[in-house]
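Coordinates as given in entry.cif (mmCIF, C-alpha atoms):
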```cif
data_input
loop_
_atom_site.label_atom_id
_atom_site.label_comp_id
_atom_site.auth_asym_id
_atom_site.auth_seq_id
_atom_site.Cartn_x
_atom_site.Cartn_y
_atom_site.Cartn_z
CA MET A 5 0.00 0.00 0.00
CA LYS A 6 1.16 3.55 -0.80
CA PHE A 7 0.03 6.90 0.61
CA SER A 8 -1.58 7.52 -2.77
CA ASP A 9 -3.99 4.64 -2.02
CA LEU A 10 -5.40 6.25 1.14
CA GLY A 11 -7.57 8.96 -0.41
CA LEU A 12 -5.50 11.90 0.80
CA SER A 13 -5.46 15.14 -1.20
CA ALA A 14 -2.67 15.96 -3.63
CA ASP A 15 -1.44 18.76 -1.33
CA ILE A 16 -1.10 16.40 1.63
CA GLN A 17 0.55 13.69 -0.50
CA ARG A 18 3.03 16.26 -1.77
CA ALA A 19 4.00 17.26 1.79
CA VAL A 20 4.35 13.59 2.79
CA ALA A 21 6.54 12.84 -0.25
CA GLU A 22 8.79 15.79 0.61
CA GLN A 23 9.53 14.08 3.94
CA GLY A 24 10.73 11.02 2.02
CA TYR A 25 7.77 8.74 2.79
CA ASP A 26 5.79 6.76 0.24
CA THR A 27 4.62 3.74 2.25
CA PRO A 28 2.42 4.16 5.34
CA THR A 29 3.28 2.31 8.54
CA PRO A 30 0.83 -0.37 9.79
CA ILE A 31 -0.96 2.03 12.15
CA GLN A 32 -1.29 4.61 9.37
CA GLN A 33 -2.74 1.98 7.02
CA GLN A 34 -5.43 1.13 9.57
CA ALA A 35 -6.06 4.47 11.30
CA ILE A 36 -6.20 6.85 8.32
CA PRO A 37 -9.19 5.19 6.55
CA ALA A 38 -11.06 4.86 9.88
CA VAL A 39 -10.58 8.55 10.73
CA LEU A 40 -11.45 9.66 7.20
CA ALA A 41 -14.70 7.68 7.48
CA GLY A 42 -15.59 9.60 10.65
CA HIS A 43 -15.29 6.69 13.09
CA ASP A 44 -14.11 6.97 16.67
CA LEU A 45 -10.75 5.26 17.15
CA MET A 46 -9.14 3.29 19.96
CA ALA A 47 -5.51 2.69 19.01
CA SER A 48 -2.77 0.84 20.83
CA ALA A 49 0.52 2.17 19.52
CA GLN A 50 4.02 2.35 20.91
CA THR A 51 6.36 5.27 20.33
CA GLY A 52 7.91 5.14 16.88
CA THR A 53 5.00 3.51 15.04
CA GLY A 54 4.04 6.66 13.12
CA LYS A 55 0.91 7.29 15.17
CA THR A 56 1.19 11.10 15.04
CA ALA A 57 0.95 11.16 11.25
CA GLY A 58 -1.72 8.47 11.63
CA PHE A 59 -4.09 11.09 13.00
CA THR A 60 -2.71 14.40 11.68
CA LEU A 61 -2.96 13.36 8.01
CA PRO A 62 -6.65 12.35 8.04
CA ILE A 63 -7.56 15.30 10.29
CA LEU A 64 -6.00 17.72 7.79
CA GLN A 65 -7.91 15.97 5.03
CA ARG A 66 -11.22 16.23 6.89
CA LEU A 67 -10.75 19.91 7.73
CA THR A 68 -10.03 20.96 4.15
CA ALA A 69 -12.32 18.67 2.14
CA GLY A 70 -15.80 19.29 0.77
CA ALA A 71 -18.73 21.35 1.89
CA ASN A 72 -17.77 21.09 5.56
CA ASP A 73 -14.82 23.39 4.94
CA CYS A 74 -15.34 26.62 6.85
CA LEU A 75 -11.73 27.72 6.94
CA SER A 76 -12.70 30.97 5.27
CA ARG A 77 -14.22 32.26 8.50
CA VAL A 78 -12.57 35.42 9.79
CA ALA A 79 -12.88 34.62 13.51
CA ARG A 80 -11.97 30.96 13.74
CA THR A 81 -12.56 28.93 16.86
CA PRO A 82 -10.67 25.62 17.14
CA ARG A 83 -12.21 22.72 15.22
CA VAL A 84 -9.69 20.12 16.43
CA LEU A 85 -8.31 19.66 19.94
CA VAL A 86 -5.30 17.40 20.54
CA LEU A 87 -4.55 16.82 24.22
CA THR A 88 -1.02 15.67 25.10
CA PRO A 89 0.63 14.92 28.45
CA THR A 90 3.86 16.89 27.92
CA ARG A 91 5.00 20.11 26.30
CA GLU A 92 7.56 18.23 24.20
CA LEU A 93 4.86 16.04 22.72
CA ALA A 94 2.64 19.09 22.12
CA ILE A 95 5.44 20.71 20.13
CA GLN A 96 6.04 17.49 18.19
CA VAL A 97 2.36 17.09 17.25
CA GLU A 98 2.01 20.72 16.20
CA GLU A 99 5.18 20.46 14.10
CA SER A 100 3.64 17.42 12.39
CA VAL A 101 0.54 19.48 11.58
CA GLN A 102 2.73 22.20 10.10
CA THR A 103 4.86 19.73 8.13
CA TYR A 104 1.97 17.88 6.51
CA GLY A 105 -0.33 20.88 6.23
CA LYS A 106 2.22 23.24 4.67
CA TYR A 107 0.21 23.54 1.43
CA LEU A 108 -3.16 23.89 3.20
CA PRO A 109 -4.89 27.01 4.60
CA VAL A 110 -4.78 25.66 8.16
CA ASN A 111 -3.76 27.48 11.34
CA SER A 112 -2.29 25.49 14.22
CA LEU A 113 -1.08 26.41 17.69
CA ALA A 114 0.52 24.58 20.60
CA VAL A 115 -0.18 25.87 24.12
CA PHE A 116 1.61 24.60 27.20
CA GLY A 117 2.76 26.03 30.51
CA GLY A 118 6.08 27.51 31.56
CA VAL A 119 5.95 30.72 29.51
CA GLY A 120 3.71 33.76 29.54
CA ILE A 121 0.10 33.23 28.58
CA ASN A 122 -0.40 36.56 26.76
CA PRO A 123 1.24 35.62 23.42
CA GLN A 124 -0.97 32.52 23.37
CA ILE A 125 -4.06 34.64 23.97
CA ALA A 126 -3.11 36.90 21.06
CA ASN A 127 -2.67 33.89 18.76
CA LEU A 128 -5.98 32.37 19.85
CA ARG A 129 -7.74 35.64 19.08
CA ARG A 130 -6.37 35.60 15.52
CA GLY A 131 -8.02 32.23 14.97
CA VAL A 132 -6.82 28.64 15.20
CA ASP A 133 -8.11 25.54 13.43
CA ILE A 134 -6.05 22.88 15.21
CA LEU A 135 -5.20 23.43 18.88
CA VAL A 136 -2.62 21.19 20.56
CA ALA A 137 -2.52 21.57 24.33
CA THR A 138 -1.49 20.15 27.65
CA PRO A 139 -4.35 19.88 30.16
CA GLY A 140 -3.16 22.42 32.73
CA ARG A 141 -2.55 25.31 30.37
CA LEU A 142 -5.74 24.61 28.41
CA LEU A 143 -7.76 24.89 31.63
CA ASP A 144 -5.97 28.16 32.39
CA HIS A 145 -7.26 29.49 29.07
CA VAL A 146 -10.74 28.16 29.80
CA GLN A 147 -10.72 29.91 33.18
CA GLN A 148 -9.73 33.20 31.53
CA SER A 149 -12.29 32.72 28.74
CA THR A 150 -9.55 33.02 26.12
CA VAL A 151 -10.42 29.79 24.32
CA ASN A 152 -13.76 28.63 22.94
CA LEU A 153 -14.15 24.85 22.69
CA SER A 154 -17.75 24.90 21.43
CA GLY A 155 -16.70 24.28 17.82
CA ILE A 156 -14.55 21.18 18.38
CA GLU A 157 -15.35 18.54 15.77
CA ILE A 158 -12.46 16.14 16.43
CA PHE A 159 -10.92 15.40 19.84
CA VAL A 160 -7.63 13.49 20.13
CA LEU A 161 -6.38 12.11 23.44
CA ASP A 162 -2.73 11.20 22.85
CA GLU A 163 -0.65 8.97 25.14
CA ALA A 164 -3.62 8.40 27.43
CA ASP A 165 -1.64 5.97 29.61
CA ARG A 166 0.96 8.65 30.35
CA MET A 167 -1.85 11.15 31.06
CA LEU A 168 -3.14 8.89 33.82
CA ASP A 169 0.37 8.22 35.16
CA MET A 170 0.89 11.98 35.51
CA GLY A 171 -2.38 12.47 37.41
CA PHE A 172 -4.30 14.29 34.67
CA ILE A 173 -7.51 12.26 34.83
CA ARG A 174 -9.56 14.96 36.62
CA ASP A 175 -8.39 17.64 34.20
CA ILE A 176 -9.20 15.40 31.23
CA ARG A 177 -12.74 14.84 32.51
CA LYS A 178 -13.22 18.60 33.00
CA ILE A 179 -12.08 19.28 29.43
CA ILE A 180 -14.27 16.54 27.93
CA ALA A 181 -17.28 18.05 29.72
CA LEU A 182 -16.66 21.36 27.88
CA LEU A 183 -16.71 19.80 24.39
CA PRO A 184 -19.75 19.49 22.09
CA LYS A 185 -21.60 16.19 22.47
CA GLN A 186 -21.41 15.49 18.73
CA ARG A 187 -17.76 15.01 17.78
CA GLN A 188 -15.24 12.43 16.60
CA ASN A 189 -12.96 11.00 19.30
CA LEU A 190 -9.53 9.41 18.80
CA LEU A 191 -7.70 7.78 21.72
CA PHE A 192 -4.09 6.60 21.55
CA SER A 193 -2.33 4.67 24.30
CA ALA A 194 0.74 2.42 24.49
CA THR A 195 -1.06 0.21 27.01
CA PHE A 196 -4.70 -0.40 27.92
CA SER A 197 -5.11 -0.76 31.66
CA PRO A 198 -8.57 -1.13 33.25
CA GLU A 199 -8.48 2.63 33.97
CA ILE A 200 -7.81 3.45 30.30
CA ARG A 201 -10.59 1.12 29.19
CA GLU A 202 -12.98 2.80 31.62
CA LEU A 203 -12.03 6.20 30.23
CA ALA A 204 -12.43 4.95 26.66
CA GLY A 205 -15.84 3.47 27.47
CA GLY A 206 -17.19 6.90 28.44
CA LEU A 207 -15.49 8.72 25.58
CA LEU A 208 -15.77 6.57 22.46
CA GLU A 209 -18.84 5.42 20.53
CA GLN A 210 -18.53 2.16 18.59
CA PRO A 211 -14.82 2.76 18.01
CA VAL A 212 -12.64 1.07 15.42
CA SER A 213 -9.88 -0.74 17.34
CA VAL A 214 -6.33 -0.68 16.00
CA ASP A 215 -3.55 -2.64 17.69
CA VAL A 216 -0.31 -2.58 15.75
CA ALA A 217 2.27 -2.88 18.50
CA PRO A 218 1.52 -5.59 21.06
CA ARG A 219 2.53 -4.44 24.49
CA ASN A 220 6.14 -4.95 25.55
CA THR A 221 7.50 -5.95 22.15
CA ALA A 222 10.75 -4.42 20.97
CA ALA A 223 11.00 -2.92 17.51
CA GLU A 224 12.06 -5.48 14.92
CA THR A 225 14.33 -2.97 13.20
CA VAL A 226 16.44 -2.35 16.33
CA THR A 227 19.64 -4.35 16.88
CA GLN A 228 19.97 -4.88 20.64
CA LYS A 229 23.31 -5.59 22.32
CA VAL A 230 24.62 -5.80 25.88
CA ILE A 231 28.14 -4.95 27.00
CA GLU A 232 28.80 -6.44 30.44
CA CYS A 233 31.32 -4.27 32.24
CA ASN A 234 32.38 -3.12 35.68
CA ARG A 235 30.50 -0.27 37.32
CA GLU A 236 33.58 1.95 37.58
CA GLN A 237 34.46 1.44 33.88
CA LYS A 238 31.22 2.76 32.46
CA LYS A 239 32.24 6.36 31.77
CA GLU A 240 35.48 5.35 30.04
CA LEU A 241 33.64 2.67 28.06
CA LEU A 242 31.03 5.17 26.89
CA LYS A 243 33.74 7.60 25.72
CA HIS A 244 35.54 4.69 24.04
CA LEU A 245 32.39 3.76 22.08
CA PHE A 246 31.96 7.32 20.84
CA THR A 247 35.56 7.70 19.69
CA THR A 248 36.17 4.25 18.18
CA ARG A 249 32.82 3.93 16.41
CA SER A 250 32.39 7.60 15.40
CA LEU A 251 28.93 7.64 16.96
CA HIS A 252 26.65 10.60 16.26
CA GLN A 253 23.13 11.54 17.37
CA VAL A 254 23.13 9.15 20.31
CA LEU A 255 20.35 9.27 22.88
CA VAL A 256 21.95 8.20 26.17
CA PHE A 257 19.73 7.17 29.08
CA ALA A 258 20.67 7.84 32.70
CA ARG A 259 18.56 6.87 35.67
CA THR A 260 18.62 10.20 37.55
CA LYS A 261 18.65 13.93 36.76
CA HIS A 262 21.93 14.38 38.66
CA GLY A 263 23.46 11.43 36.81
CA ALA A 264 22.36 12.84 33.45
CA ASP A 265 24.00 16.20 34.20
CA ALA A 266 27.24 14.59 35.39
CA LEU A 267 27.42 12.31 32.35
CA ALA A 268 26.83 15.16 29.90
CA ARG A 269 29.67 17.12 31.55
CA THR A 270 31.98 14.08 31.33
CA LEU A 271 31.31 13.66 27.62
CA ASP A 272 31.72 17.38 26.95
CA LYS A 273 35.11 17.44 28.70
CA ALA A 274 36.19 14.52 26.50
CA GLY A 275 35.40 16.55 23.36
CA ILE A 276 32.08 14.79 22.72
CA LYS A 277 29.50 17.58 22.45
CA ALA A 278 26.64 16.68 24.78
CA ALA A 279 23.74 18.15 26.74
CA ALA A 280 21.37 16.79 29.36
CA ILE A 281 17.59 16.98 29.25
CA HIS A 282 15.39 16.36 32.30
CA GLY A 283 12.53 17.82 34.29
CA ASP A 284 14.64 20.29 36.29
CA LYS A 285 15.96 22.02 33.18
CA SER A 286 14.23 25.23 32.10
CA GLN A 287 11.96 24.95 29.08
CA GLY A 288 14.37 27.14 27.10
CA ALA A 289 17.31 24.86 27.89
CA ARG A 290 15.32 21.73 26.98
CA THR A 291 14.07 23.18 23.70
CA ARG A 292 17.56 24.41 22.77
CA ALA A 293 19.21 21.06 23.58
CA LEU A 294 16.60 19.12 21.60
CA SER A 295 16.91 21.49 18.63
CA GLU A 296 20.73 21.23 18.59
CA PHE A 297 20.49 17.44 18.86
CA LYS A 298 18.05 17.23 15.93
CA ASP A 299 20.31 19.51 13.87
CA GLY A 300 23.34 17.29 14.53
CA LYS A 301 25.17 19.92 16.60
CA LEU A 302 25.22 17.57 19.60
CA ALA A 303 26.74 14.10 19.41
CA ALA A 304 24.87 13.00 22.54
CA LEU A 305 21.69 13.90 24.36
CA VAL A 306 21.63 12.47 27.89
CA ALA A 307 18.06 12.00 29.10
CA THR A 308 15.99 10.60 31.91
CA ASP A 309 12.98 8.42 31.10
CA ILE A 310 10.36 11.10 31.77
CA ALA A 311 12.14 13.80 29.75
CA ALA A 312 12.59 11.46 26.77
CA ARG A 313 8.84 10.96 26.32
CA GLY A 314 8.61 14.00 24.05
CA ILE A 315 11.65 13.21 21.90
CA ASP A 316 10.56 12.21 18.42
CA ILE A 317 13.31 11.95 15.80
CA ASP A 318 12.60 9.78 12.78
CA ALA A 319 16.22 9.04 11.88
CA LEU A 320 17.71 8.51 15.36
CA PRO A 321 20.42 5.86 14.82
CA TYR A 322 21.56 4.97 18.35
CA VAL A 323 20.25 4.55 21.89
CA ILE A 324 22.68 3.74 24.69
CA ASN A 325 21.43 2.63 28.09
CA TYR A 326 24.22 3.93 30.32
CA GLU A 327 22.12 2.59 33.17
CA LEU A 328 19.28 0.10 32.87
CA PRO A 329 15.84 1.30 34.00
CA ASN A 330 14.35 -0.13 37.19
CA VAL A 331 11.16 -1.05 35.31
CA ALA A 332 11.58 -3.47 32.41
CA GLU A 333 8.79 -1.86 30.33
CA ASP A 334 10.79 1.39 30.27
CA TYR A 335 13.53 -0.43 28.34
CA VAL A 336 11.05 -1.07 25.52
CA HIS A 337 10.07 2.62 25.47
CA ARG A 338 13.72 3.65 25.45
CA ILE A 339 14.85 1.54 22.53
CA GLY A 340 11.66 2.44 20.64
CA ARG A 341 13.23 5.87 20.08
CA THR A 342 15.37 4.33 17.34
CA GLY A 343 14.50 2.01 14.43
CA ARG A 344 11.53 4.14 13.41
CA ALA A 345 9.58 4.30 10.17
CA GLY A 346 11.26 1.15 8.88
CA MET A 347 14.80 2.49 9.44
CA GLU A 348 17.41 0.43 11.27
CA GLY A 349 18.70 1.41 14.69
CA GLU A 350 21.02 0.10 17.36
CA ALA A 351 20.49 -0.08 21.12
CA ILE A 352 23.47 -0.80 23.38
CA SER A 353 23.13 -1.41 27.11
CA LEU A 354 26.08 -1.09 29.50
CA VAL A 355 25.36 -3.59 32.28
CA CYS A 356 27.33 -3.94 35.51
CA HIS A 357 26.99 -6.62 38.21
CA ASP A 358 24.38 -4.60 40.13
CA GLU A 359 22.09 -4.48 37.09
CA ARG A 360 21.91 -8.19 36.34
CA PRO A 361 18.45 -8.53 37.95
CA GLN A 362 17.09 -5.71 35.72
CA LEU A 363 18.65 -7.35 32.64
CA LYS A 364 17.01 -10.64 33.56
CA ASP A 365 13.62 -8.90 33.89
CA ILE A 366 14.06 -7.21 30.50
CA GLU A 367 14.95 -10.46 28.73
CA LYS A 368 11.98 -12.18 30.35
CA LEU A 369 9.67 -9.37 29.24
CA ILE A 370 10.82 -9.29 25.59
CA ARG A 371 11.19 -13.09 25.50
CA ARG A 372 14.68 -13.17 24.13
CA THR A 373 18.28 -13.31 25.30
CA LEU A 374 20.13 -10.20 24.21
CA GLU A 375 23.41 -10.55 22.34
CA ARG A 376 26.49 -10.04 24.53
CA MET A 377 29.30 -7.96 23.08
CA VAL A 378 32.84 -7.82 24.49
CA VAL A 379 34.98 -4.68 24.18
CA ASP A 380 38.72 -5.28 24.64
CA GLY A 381 40.03 -3.68 27.80
CA PHE A 382 36.57 -3.43 29.37
CA GLU A 383 35.88 -7.08 30.25
CA GLN A 384 33.73 -7.58 33.33
CA ALA A 385 35.47 -8.91 36.44
CA ALA A 386 34.20 -12.13 38.01
CA VAL A 387 32.84 -10.24 41.01
CA ALA A 388 31.85 -6.62 41.52
CA ALA A 389 34.23 -4.28 43.29
CA PRO A 390 32.82 -3.14 46.65
CA ARG A 391 31.21 0.25 46.65
CA PRO A 392 33.11 2.98 48.57
CA VAL A 393 31.86 3.20 52.13
CA GLN A 394 30.10 6.51 52.76
CA PRO A 395 31.35 8.28 55.90
CA PRO A 396 28.74 8.30 58.66
CA ARG A 397 26.65 11.46 58.84
CA GLN A 398 27.52 13.72 61.75
CA PRO A 399 24.66 14.16 64.21
CA ARG A 400 23.10 17.60 63.97
CA LYS A 401 23.58 19.95 66.88
CA PRO A 402 20.33 20.70 68.69
CA ALA A 403 18.91 24.10 67.79
CA ALA A 404 18.89 26.84 70.38
CA ALA A 405 15.67 26.91 72.34
CA GLY A 406 14.56 30.18 70.79
CA ASN A 407 15.02 28.83 67.27
CA ALA A 408 13.52 25.38 67.72
CA GLY A 409 10.10 26.32 66.41
CA LYS A 410 11.65 28.04 63.40
CA SER A 411 13.72 24.99 62.55
CA ARG A 412 10.70 22.74 62.54
CA GLN A 413 8.68 25.14 60.40
CA GLY A 414 11.50 25.54 57.89
CA SER A 415 11.72 21.80 57.29
CA GLY A 416 8.70 21.88 55.03
CA LYS A 417 10.58 23.30 52.04
CA ASN A 418 10.25 20.05 50.11
CA ALA A 419 6.48 19.94 50.34
CA PRO A 420 4.64 19.68 47.03
CA ALA A 421 4.05 23.01 45.34
CA GLY A 422 0.46 22.01 44.65
CA GLY A 423 0.43 23.41 41.11
CA ARG A 424 -1.11 21.65 38.16
CA PRO A 425 1.43 20.23 35.66
CA GLN A 426 1.37 22.46 32.60
CA GLY A 427 2.74 22.73 29.11
CA HIS A 428 3.31 25.93 27.14
CA HIS A 429 3.14 27.82 23.91
CA SER A 430 5.19 27.31 20.80
CA GLY A 431 3.87 30.38 19.06
CA LYS A 432 4.23 28.52 15.76
CA ARG A 433 1.50 29.17 13.26
CA HIS A 434 1.14 28.99 9.57
CA HIS A 435 -1.36 29.98 6.96
#
```

What would you get if you wrote out this structure as structure tokens?
Amino acid sequence: MKFSDLGLSADIQRAVAEQGYDTPTPIQQQAIPAVLAGHDLMASAQTGTGKTAGFTLPILQRLTAGANDCLSRVARTPRVLVLTPTRELAIQVEESVQTYGKYLPVNSLAVFGGVGINPQIANLRRGVDILVATPGRLLDHVQQSTVNLSGIEIFVLDEADRMLDMGFIRDIRKIIALLPKQRQNLLFSATFSPEIRELAGGLLEQPVSVDVAPRNTAAETVTQKVIECNREQKKELLKHLFTTRSLHQVLVFARTKHGADALARTLDKAGIKAAAIHGDKSQGARTRALSEFKDGKLAALVATDIAARGIDIDALPYVINYELPNVAEDYVHRIGRTGRAGMEGEAISLVCHDERPQLKDIEKLIRRTLERMVVDGFEQAAVAAPRPVQPPRQPRKPAAAGNAGKSRQGSGKNAPAGGRPQGHHSGKRHH
């Protein structure tokens, strides 16, 4: 099957061809006809299956085809709402709309928290056809009466499983209650827990079900290898891999934010241009690092699992697990960043003695034994070296009587801020 067989307009096919695609992925083959026919959709799709184009292409077609086209209105209220869990994913989806709708008279806008709301308000007033949003910032606009959701014809809930993991269920229900009763609904999720099925039951009417990526399967186009090494050798081994194999555009996974920062600094000092991306980075720093990585200016992007959810690069050649994740399913998500759209990718995991239980869980989950690879000079010792003993913490001196109350009150600095997670605004539009 080719994209030309799917009933998409010449303008959309032209934009798709310019991206180098002529054959739709399995989810696109199934989802595009269902969406074009006006059906609700319940799709199980892992990262890297082409799901974003699977809904943006038919949505663009529906907005610009036939008598239902009202794009000529001067004051346009949104006709499509795409709800995403993270700002990175919101940017990615809106970029997809721009890429495939470049020859169409369609306005799109991404709104997410972390920047000022006023530029978003100005863009909404000018008129938007496709609105991509994170739940928190969208509800901010609703509260300020700066967005009108009464004209929504198509509602997309993307990465619904991650939405629930991040505690967005109440916000999602509030938003759904604001939408017109008559509309088309598309739900995408990597997994379908009982909670997701309950949500889908109240949202979708006689949906077409699409399941192209059975849960916990690793991409067939990804070569997976394990290098068993000693814990204290990992940094030198990582640098060795970069220099001897001339690696470029490598997504490196660390387990913690602090570890990601330290590793990026280590690589940078070794002449391997790198940056870290995680939740504590400012939005500007994250956007800049991701942009430089996509442009090939960075050899390595060191990420934590949460931060990597919004990274979508079609031609990413390498993923390196500097540390294995604690949860085996996260390994599948990690390596799914490469080997996309039919292209080949390579995933290398550096595994020390401490991580053997995690490796065993991963191999059990994906039902295969991963290939072991030996690098000369970095062979794993028979037993792990003992970890350095941390010096005992010194007992704190008791506070002076007059300050005791103050000390206790000040200890609450780590309490939750209580704010709603939000995304923010890309300001990208096109006509």

(request) Can you work out which one of A:Val119, A:Ser112, A:Glu22, A:Ala312 has the shortest atom-to-atom distance to A:Ser286, counting all atoms listed in the file? (result)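 Closest to A:Ser286 of all the choices is A:Val119.
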
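Here the PyMOL selection byres ((chain A and resi 339) around 9) captures the residues Ala222, Ala223, Val226, Gln228, Tyr322, Val323, Ile324, Asn325, Asp334, Tyr335, Val336, His337, Arg338, Gly340, Arg341, Thr342, Gly343, Gly349, Glu350, Ala351 and Ile352 of chain A.
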
If you count all atoms listed in the file, which residues fall within 8 Å of stretch 260-263 of chain A, apart from same-chain ones fewer than 5 positions away, as a tab-separated table (two decimals) with C-alpha atoms, in the coordinates of the input?
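Result file part38.tsv:
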```tsv
chain	number	residue	atom	x	y	z
A	282	HIS	CA	15.39	16.36	32.30
A	283	GLY	CA	12.53	17.82	34.29
A	284	ASP	CA	14.64	20.29	36.29
A	307	ALA	CA	18.06	12.00	29.10
A	308	THR	CA	15.99	10.60	31.91
```

Note to self: Assuming the chain letters and numbering stay as they are in my file, what does the PyMOL selection byres ((chain A and resi 387) around 12) actually select? List them as a PyMOL selection string.
What the structure shows: chain A and resi 232-235+356-358+383-386+388-390

Keeping only C-alpha atoms, write those residues as a JSON list (two decimals), keeping the file's coordinate frame.
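So the final result, stored in result.json, reads:
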```
[["chain", "number", "residue", "atom", "x", "y", "z"],
["A", 232, "GLU", "CA", 28.80, -6.44, 30.44],
["A", 233, "CYS", "CA", 31.32, -4.27, 32.24],
["A", 234, "ASN", "CA", 32.38, -3.12, 35.68],
["A", 235, "ARG", "CA", 30.50, -0.27, 37.32],
["A", 356, "CYS", "CA", 27.33, -3.94, 35.51],
["A", 357, "HIS", "CA", 26.99, -6.62, 38.21],
["A", 358, "ASP", "CA", 24.38, -4.60, 40.13],
["A", 383, "GLU", "CA", 35.88, -7.08, 30.25],
["A", 384, "GLN", "CA", 33.73, -7.58, 33.33],
["A", 385, "ALA", "CA", 35.47, -8.91, 36.44],
["A", 386, "ALA", "CA", 34.20, -12.13, 38.01],
["A", 388, "ALA", "CA", 31.85, -6.62, 41.52],
["A", 389, "ALA", "CA", 34.23, -4.28, 43.29],
["A", 390, "PRO", "CA", 32.82, -3.14, 46.65]]
```

Surrounding residues of A:Ala268 excluding itself and chain neighbours under 3 positions, 8 Å, all atoms listed in the file, as a list in words: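 Final neighbour list, sorted by chain and number: Ala264, Asp265, Leu271, Asp272, Ala278, Ala279, Ala280, Ala304, Leu305 and Val306 of chain A.
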
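The closest residue to A:Lys364, picked from A:Ile95, A:Ala289, A:Val146, A:Val230 and counting only C-alpha atoms, is A:Val230.
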
Counting only C-alpha atoms, the residue among A:Thr29, A:Gln96, A:Gln148, A:Asn189 that lies closest to A:Asn122 is A:Gln148

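You can rank A:Gly206, A:Pro89, A:Pro184, A:Pro361 by their closest distance to A:Ala164 using all atoms listed in the file, and at the top of that list sits A:Pro89.
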
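Taking atom CA of A:Phe172 and atom CA of A:Asp215 as the two end points, the separation is 24.0 Å.
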
- Atomic distance atom CA of A:Lys178 - atom CA of A:Leu208, expressed in Å with one decimal: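 Atom-to-atom, atom CA of A:Lys178 to atom CA of A:Leu208, that is 16.2 Å.
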
Can you tell me, as an NGL selection string, what residues are no more than 7 Å from A:Gln362 when counting all atoms listed in the file, ignoring any on the same chain fewer than 2 positions away?
-> :A and (328 or 330 or 332 or 359-360 or 364-366)

note - atom CA of A:Gln124 and atom CA of A:Gly140 are separated by 13.9 Å

**OP:** Skip A:Lys106 itself and residues of its chain fewer than 5 positions away, then list as a PyMOL selection string all residues within 12 Å of it, counting only C-alpha atoms.
**Re:** chain A and resi 15-20+22-23+61+64+98-101+111-112+433-435

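For the file shown, the residue list from the PyMOL selection byres ((chain A and resi 11) around 10) reads Phe7, Ser8, Asp9, Leu10, Leu12, Ser13, Ala14, Gln17, Ile36, Pro37, Leu40, Pro62 and Gln65 of chain A.
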
Missing atoms of stretch 181-192 of chain A rebuilt to N, CA and C atoms, written as a PDB file, in the coordinates of the input:
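The resulting part_8.pdb:
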```pdb
ATOM      1  N   ALA A 181     -15.953  17.503  29.403  1.00  0.00           N
ATOM      2  CA  ALA A 181     -17.280  18.050  29.720  1.00  0.00           C
ATOM      3  C   ALA A 181     -17.545  19.373  29.007  1.00  0.00           C
ATOM      4  N   LEU A 182     -16.493  20.064  28.562  1.00  0.00           N
ATOM      5  CA  LEU A 182     -16.660  21.360  27.880  1.00  0.00           C
ATOM      6  C   LEU A 182     -16.845  21.212  26.368  1.00  0.00           C
ATOM      7  N   LEU A 183     -16.660  20.004  25.834  1.00  0.00           N
ATOM      8  CA  LEU A 183     -16.710  19.800  24.390  1.00  0.00           C
ATOM      9  C   LEU A 183     -18.127  19.526  23.908  1.00  0.00           C
ATOM     10  N   PRO A 184     -18.420  19.809  22.639  1.00  0.00           N
ATOM     11  CA  PRO A 184     -19.750  19.490  22.090  1.00  0.00           C
ATOM     12  C   PRO A 184     -20.008  17.983  22.181  1.00  0.00           C
ATOM     13  N   LYS A 185     -21.272  17.622  22.363  1.00  0.00           N
ATOM     14  CA  LYS A 185     -21.600  16.190  22.470  1.00  0.00           C
ATOM     15  C   LYS A 185     -21.344  15.457  21.152  1.00  0.00           C
ATOM     16  N   GLN A 186     -21.619  16.105  20.033  1.00  0.00           N
ATOM     17  CA  GLN A 186     -21.410  15.490  18.730  1.00  0.00           C
ATOM     18  C   GLN A 186     -19.996  15.811  18.241  1.00  0.00           C
ATOM     19  N   ARG A 187     -19.140  14.812  18.241  1.00  0.00           N
ATOM     20  CA  ARG A 187     -17.760  15.010  17.780  1.00  0.00           C
ATOM     21  C   ARG A 187     -17.134  13.647  17.530  1.00  0.00           C
ATOM     22  N   GLN A 188     -16.011  13.651  16.839  1.00  0.00           N
ATOM     23  CA  GLN A 188     -15.240  12.430  16.600  1.00  0.00           C
ATOM     24  C   GLN A 188     -14.136  12.355  17.647  1.00  0.00           C
ATOM     25  N   ASN A 189     -13.939  11.171  18.225  1.00  0.00           N
ATOM     26  CA  ASN A 189     -12.960  11.000  19.300  1.00  0.00           C
ATOM     27  C   ASN A 189     -11.903   9.969  18.904  1.00  0.00           C
ATOM     28  N   LEU A 190     -10.634  10.317  19.109  1.00  0.00           N
ATOM     29  CA  LEU A 190      -9.530   9.410  18.800  1.00  0.00           C
ATOM     30  C   LEU A 190      -8.676   9.269  20.057  1.00  0.00           C
ATOM     31  N   LEU A 191      -8.481   8.034  20.510  1.00  0.00           N
ATOM     32  CA  LEU A 191      -7.700   7.780  21.720  1.00  0.00           C
ATOM     33  C   LEU A 191      -6.510   6.892  21.382  1.00  0.00           C
ATOM     34  N   PHE A 192      -5.327   7.354  21.788  1.00  0.00           N
ATOM     35  CA  PHE A 192      -4.090   6.600  21.550  1.00  0.00           C
ATOM     36  C   PHE A 192      -3.438   6.297  22.894  1.00  0.00           C
TER      37      PHE A 192
END
```
